[in-house]
Amino acid sequence: MPALLPSGRPDALLRRIHVLAIGGAHQFAHILPVASELERRQPGSVTFFVCSEEEAAIAQDQVRDLGGPCPAVEVMRLPGIAVLLPRQLHKAARLIVWAGRLCDAAAILCAERTSTMLGRLRGDCPPILHIPHGAGDRAVGFEKRFTLFDHVMVAGRKDRDRLLASGFVEPEACTVTGPIKLATILSSPRPRPPLFDNPRPTIFYNPHFSKKHSSIEVFGRKLIEAVVQDGRYNLVVAPHVRLARRWSARERREWEALAVPGRVVVDLGSARCNDMSYTLGADLYVGDVSSQVYEFLAHPRPCLFVDARGTDWQESEDYAMWHFGEVIAPDADPVAALDRAFANHGAYLAWQRERMAYTIDGISWAPDGTPTFKGRNAVCEAADQVERYAGLAVSDGWASAA
């Protein structure tokens with residue numbers, strides 16, 4: 001029988017670290033590298049919680065690509081009656097059903113904010129730590145539920161400054177670790193084949209899922225038709241994966257039917273939407289408010305933004321990304337705007353780099369434009385914080401990662 005601590009709980013339980021991934025596979029890359037590093041330091045102590053068998057397989061494949069140890073992966077199944085619930089309530093239902101199991105740990109790490117429910121559901125909830133999934137500018141990324149985390153780890157000074165200004169996070173409860181997903185993927189030796197087998201420049205169109213901000217309904221088809229007719233560009237249409245989830249099967253088929261072999265890819269949720277294949281492989285970014293533009297600008301390149309609602313954006317921090325390139329209305333000529341974006345990129349390059357350095361801590365560029373993170377290891381720094389809150393001796397992550 002394991003030894004009992006003064007709390008009456010077995011020591012083995014107090015060493016457990018639970019990593020919650022209930023927001024979907026598109027969030028895995030922001031926390032799974034940290035879970036793997038913690039498993040390396042504390043073998044057998046980490047469990048990665050997902051919502052389906054499919055997500056469990058994705059998580060295991062991603063860890064295999066990382067080359068590190070895989071934590072235990074557990075599927076948070078719901079009782080059969082849960083099929084009667086609307087899909088948008090499934091996350092909350094899982095937290096309610098699994099609260100006892102999830103809180104039976106020394107610390108919890110998550111990439112979304114719904115998991116803060118656990119602190120209200122149970123008085124014995126351990127510290128909850130948060131790594132936001134992305135470093136975008138929208139105000140929704142800086143909201144009241146941040147007060148419910150014991151510690152928040154962000155990609156750069158921009159997010160920390162906004163969180164502190166909001167009053168939702170105290171200075172000692174927010175650490176800049178650097179970007180987990182971006183740094184991990186950029187350091188991967190895995191080869192990345194070109195997106196198209198031709199020399200044409202590739203456009204990446206990445207509309208957001210929010211109905212309030214997304215440009216896809218007013219601009220998406222027009223962009224595809226214009227690019228196909230013009231013939232000088234390749235095009236990848238890969239919206240935020242949450243957008244297509246609310247579409248019917250018919251709507252998905254209609255959009256996928258717009259693909260043109262060798263010229264236009266329409267991707268509504270494959271692994272390439274989440275592993276930076278498109279943000280690293282394209283030559284120009286077209287979007288609205290998605291945080292993926294900050295992944296794209298790891299290599300500063302031309303950007304173009306579509307204002308679908310006539311927004312008064314120029315002085316708003318929520319639209320800071322729109323200073324990375326021209327902002328056009330949905331009725332603009334798409335090809336003419338693409339041509340201008342390529343021609344005028346030099347006017348935006350300095351600001352792209354300055355804002356990236358503020359948003360993505362530790363990033364710099366070699367003379368050939370290759371991004372580097374010299375002197376920083378975001379994964380190890382995040383793992384250090386989790387170990388501290390779990391009451392574990394902080395391992396020598398820097399030395400072991402060298």
# chains A, B, ... in the order shown; residues from 1 in each chain; ligands from 1
$ residues_around --residues "segment 74-86 of chain A" --least-positions-apart "5" --cutoff "7 Å" --atoms "only C-alpha atoms" --output "ChimeraX atom specification"
/A:47-53,56,94
$ residues_around --residues "Ala378 of chain A" --least-positions-apart "2" --cutoff "7 Å" --atoms "only C-alpha atoms" --output "ChimeraX atom specification"
/A:177-180,376,380-382
$ write_last_selection --atoms "N, CA and C atoms" --output "PDB file, in the first residue's frame"
ATOM      1  N   THR A 177       6.626  31.966 -21.219  1.00  0.00           N
ATOM      2  CA  THR A 177       7.483  30.801 -21.473  1.00  0.00           C
ATOM      3  C   THR A 177       7.997  30.760 -22.904  1.00  0.00           C
ATOM      4  N   GLY A 178       7.276  31.450 -23.811  1.00  0.00           N
ATOM      5  CA  GLY A 178       7.550  31.294 -25.238  1.00  0.00           C
ATOM      6  C   GLY A 178       6.492  30.389 -25.853  1.00  0.00           C
ATOM      7  N   PRO A 179       6.483  30.256 -27.165  1.00  0.00           N
ATOM      8  CA  PRO A 179       5.426  29.532 -27.866  1.00  0.00           C
ATOM      9  C   PRO A 179       5.683  28.027 -27.924  1.00  0.00           C
ATOM     10  N   ILE A 180       4.854  27.242 -27.294  1.00  0.00           N
ATOM     11  CA  ILE A 180       5.050  25.786 -27.264  1.00  0.00           C
ATOM     12  C   ILE A 180       4.934  25.185 -28.671  1.00  0.00           C
ATOM     13  N   ARG A 376      16.199  29.912 -25.362  1.00  0.00           N
ATOM     14  CA  ARG A 376      14.906  29.650 -24.745  1.00  0.00           C
ATOM     15  C   ARG A 376      14.453  28.240 -25.097  1.00  0.00           C
ATOM     16  N   CYS A 380      10.365  23.243 -21.831  1.00  0.00           N
ATOM     17  CA  CYS A 380      10.975  23.008 -20.517  1.00  0.00           C
ATOM     18  C   CYS A 380      10.550  24.060 -19.499  1.00  0.00           C
ATOM     19  N   GLU A 381      10.429  25.303 -19.933  1.00  0.00           N
ATOM     20  CA  GLU A 381      10.011  26.341 -18.999  1.00  0.00           C
ATOM     21  C   GLU A 381       8.577  26.122 -18.529  1.00  0.00           C
ATOM     22  N   ALA A 382       7.705  25.681 -19.442  1.00  0.00           N
ATOM     23  CA  ALA A 382       6.330  25.381 -19.047  1.00  0.00           C
ATOM     24  C   ALA A 382       6.281  24.174 -18.114  1.00  0.00           C
TER      25      ALA A 382
END
$ residues_around --residues "Pro69 of chain A" --least-positions-apart "4" --cutoff "12 Å" --atoms "only C-alpha atoms" --output "list in words"
Leu32, Pro33, Val34, Ala35, Ser36, Glu37, Leu38, Glu39, Arg40, Arg41, Gln42, Pro43, Gly44, Ser45, Val46, Thr47, Ala59, Gln60, Asp61, Gln62, Val63, Arg64, Asp65 and Val73 of chain A
$ residues_around --residues "Val169 of chain A" --least-positions-apart "3" --cutoff "9 Å" --atoms "only C-alpha atoms" --output "list in words"
Phe146, Thr147, Leu148, Phe149, His151, Val152, Arg160, Leu163, Leu164, Ala165, Ser166, Glu172, Ala173 and Cys174 of chain A
$ write_last_selection --atoms "C-alpha atoms" --output "JSON list (two decimals), in the first residue's frame"
[["chain", "number", "residue", "atom", "x", "y", "z"],
["A", 146, "PHE", "CA", -8.50, 33.84, -16.43],
["A", 147, "THR", "CA", -9.11, 34.79, -12.79],
["A", 148, "LEU", "CA", -9.89, 31.12, -12.11],
["A", 149, "PHE", "CA", -6.46, 29.81, -13.12],
["A", 151, "HIS", "CA", -1.08, 30.18, -13.28],
["A", 152, "VAL", "CA", -1.09, 31.17, -16.95],
["A", 160, "ARG", "CA", 1.07, 39.04, -20.64],
["A", 163, "LEU", "CA", -3.78, 40.05, -19.30],
["A", 164, "LEU", "CA", -2.24, 42.22, -16.60],
["A", 165, "ALA", "CA", -3.95, 45.32, -17.98],
["A", 166, "SER", "CA", -7.28, 43.48, -17.89],
["A", 172, "GLU", "CA", 3.11, 36.56, -10.20],
["A", 173, "ALA", "CA", 0.50, 34.26, -11.77],
["A", 174, "CYS", "CA", 1.51, 34.83, -15.39]]
$ select_by_dssp --residues "segment 205-401 of chain A" --states "strand (DSSP E)" --output "number ranges by chain"
A: 205-206, 234-237, 264-266, 284-287, 303-306, 326-328, 364-365, 371-372
$ closest_residue --among "A:Arg252, A:Arg246, A:Arg232, A:Arg192" --to "Gly281 of chain A" --atoms "only C-alpha atoms"
A:Arg192
$ select_by_dssp --residues "segment 123-324 of chain A" --states "alpha helix (DSSP H)" --output "VMD selection string"
chain A and resid 157 to 166 180 to 186 221 to 230 241 to 245 249 to 256 277 to 281 292 to 296
$ residues_around --residues "segment 224-228 of chain A" --least-positions-apart "4" --cutoff "8 Å" --atoms "only C-alpha atoms" --output "MDAnalysis selection string"
chainID A and resid 220 232:235 258 263:264 334:335
$ atom_distance --atom1 "atom CA of Asp318 of chain A" --atom2 "atom CA of Arg138 of chain A"
4.4 Å
$ closest_residue --among "A:Lys158, A:Arg15, A:Arg190, A:Arg101" --to "Arg388 of chain A" --atoms "only C-alpha atoms"
A:Arg15
$ atom_distance --atom1 "atom CA of Pro132 of chain A" --atom2 "atom CA of Ala155 of chain A"
8.4 Å
$ closest_residue --among "A:Leu284, A:Ala25, A:Leu102, A:Ala238" --to "Val266 of chain A" --atoms "only C-alpha atoms"
A:Ala238
$ residues_around --residues "segment 293-295 of chain A" --least-positions-apart "5" --cutoff "9 Å" --atoms "only C-alpha atoms" --output "list in words"
Gly134, Ala135, Gly136, Leu182, Asn206, Met276, Thr279, Leu280, Tyr285, Val286, Gly287, Cys303, Met321, Met356, Thr359 and Ile360 of chain A
$ atom_distance --atom1 "atom CA of Leu392 of chain A" --atom2 "atom CA of Val176 of chain A"
20.7 Å
$ closest_residue --among "A:Val218, A:Pro207, A:Gly362, A:Pro201" --to "Ala282 of chain A" --atoms "only C-alpha atoms"
A:Pro201
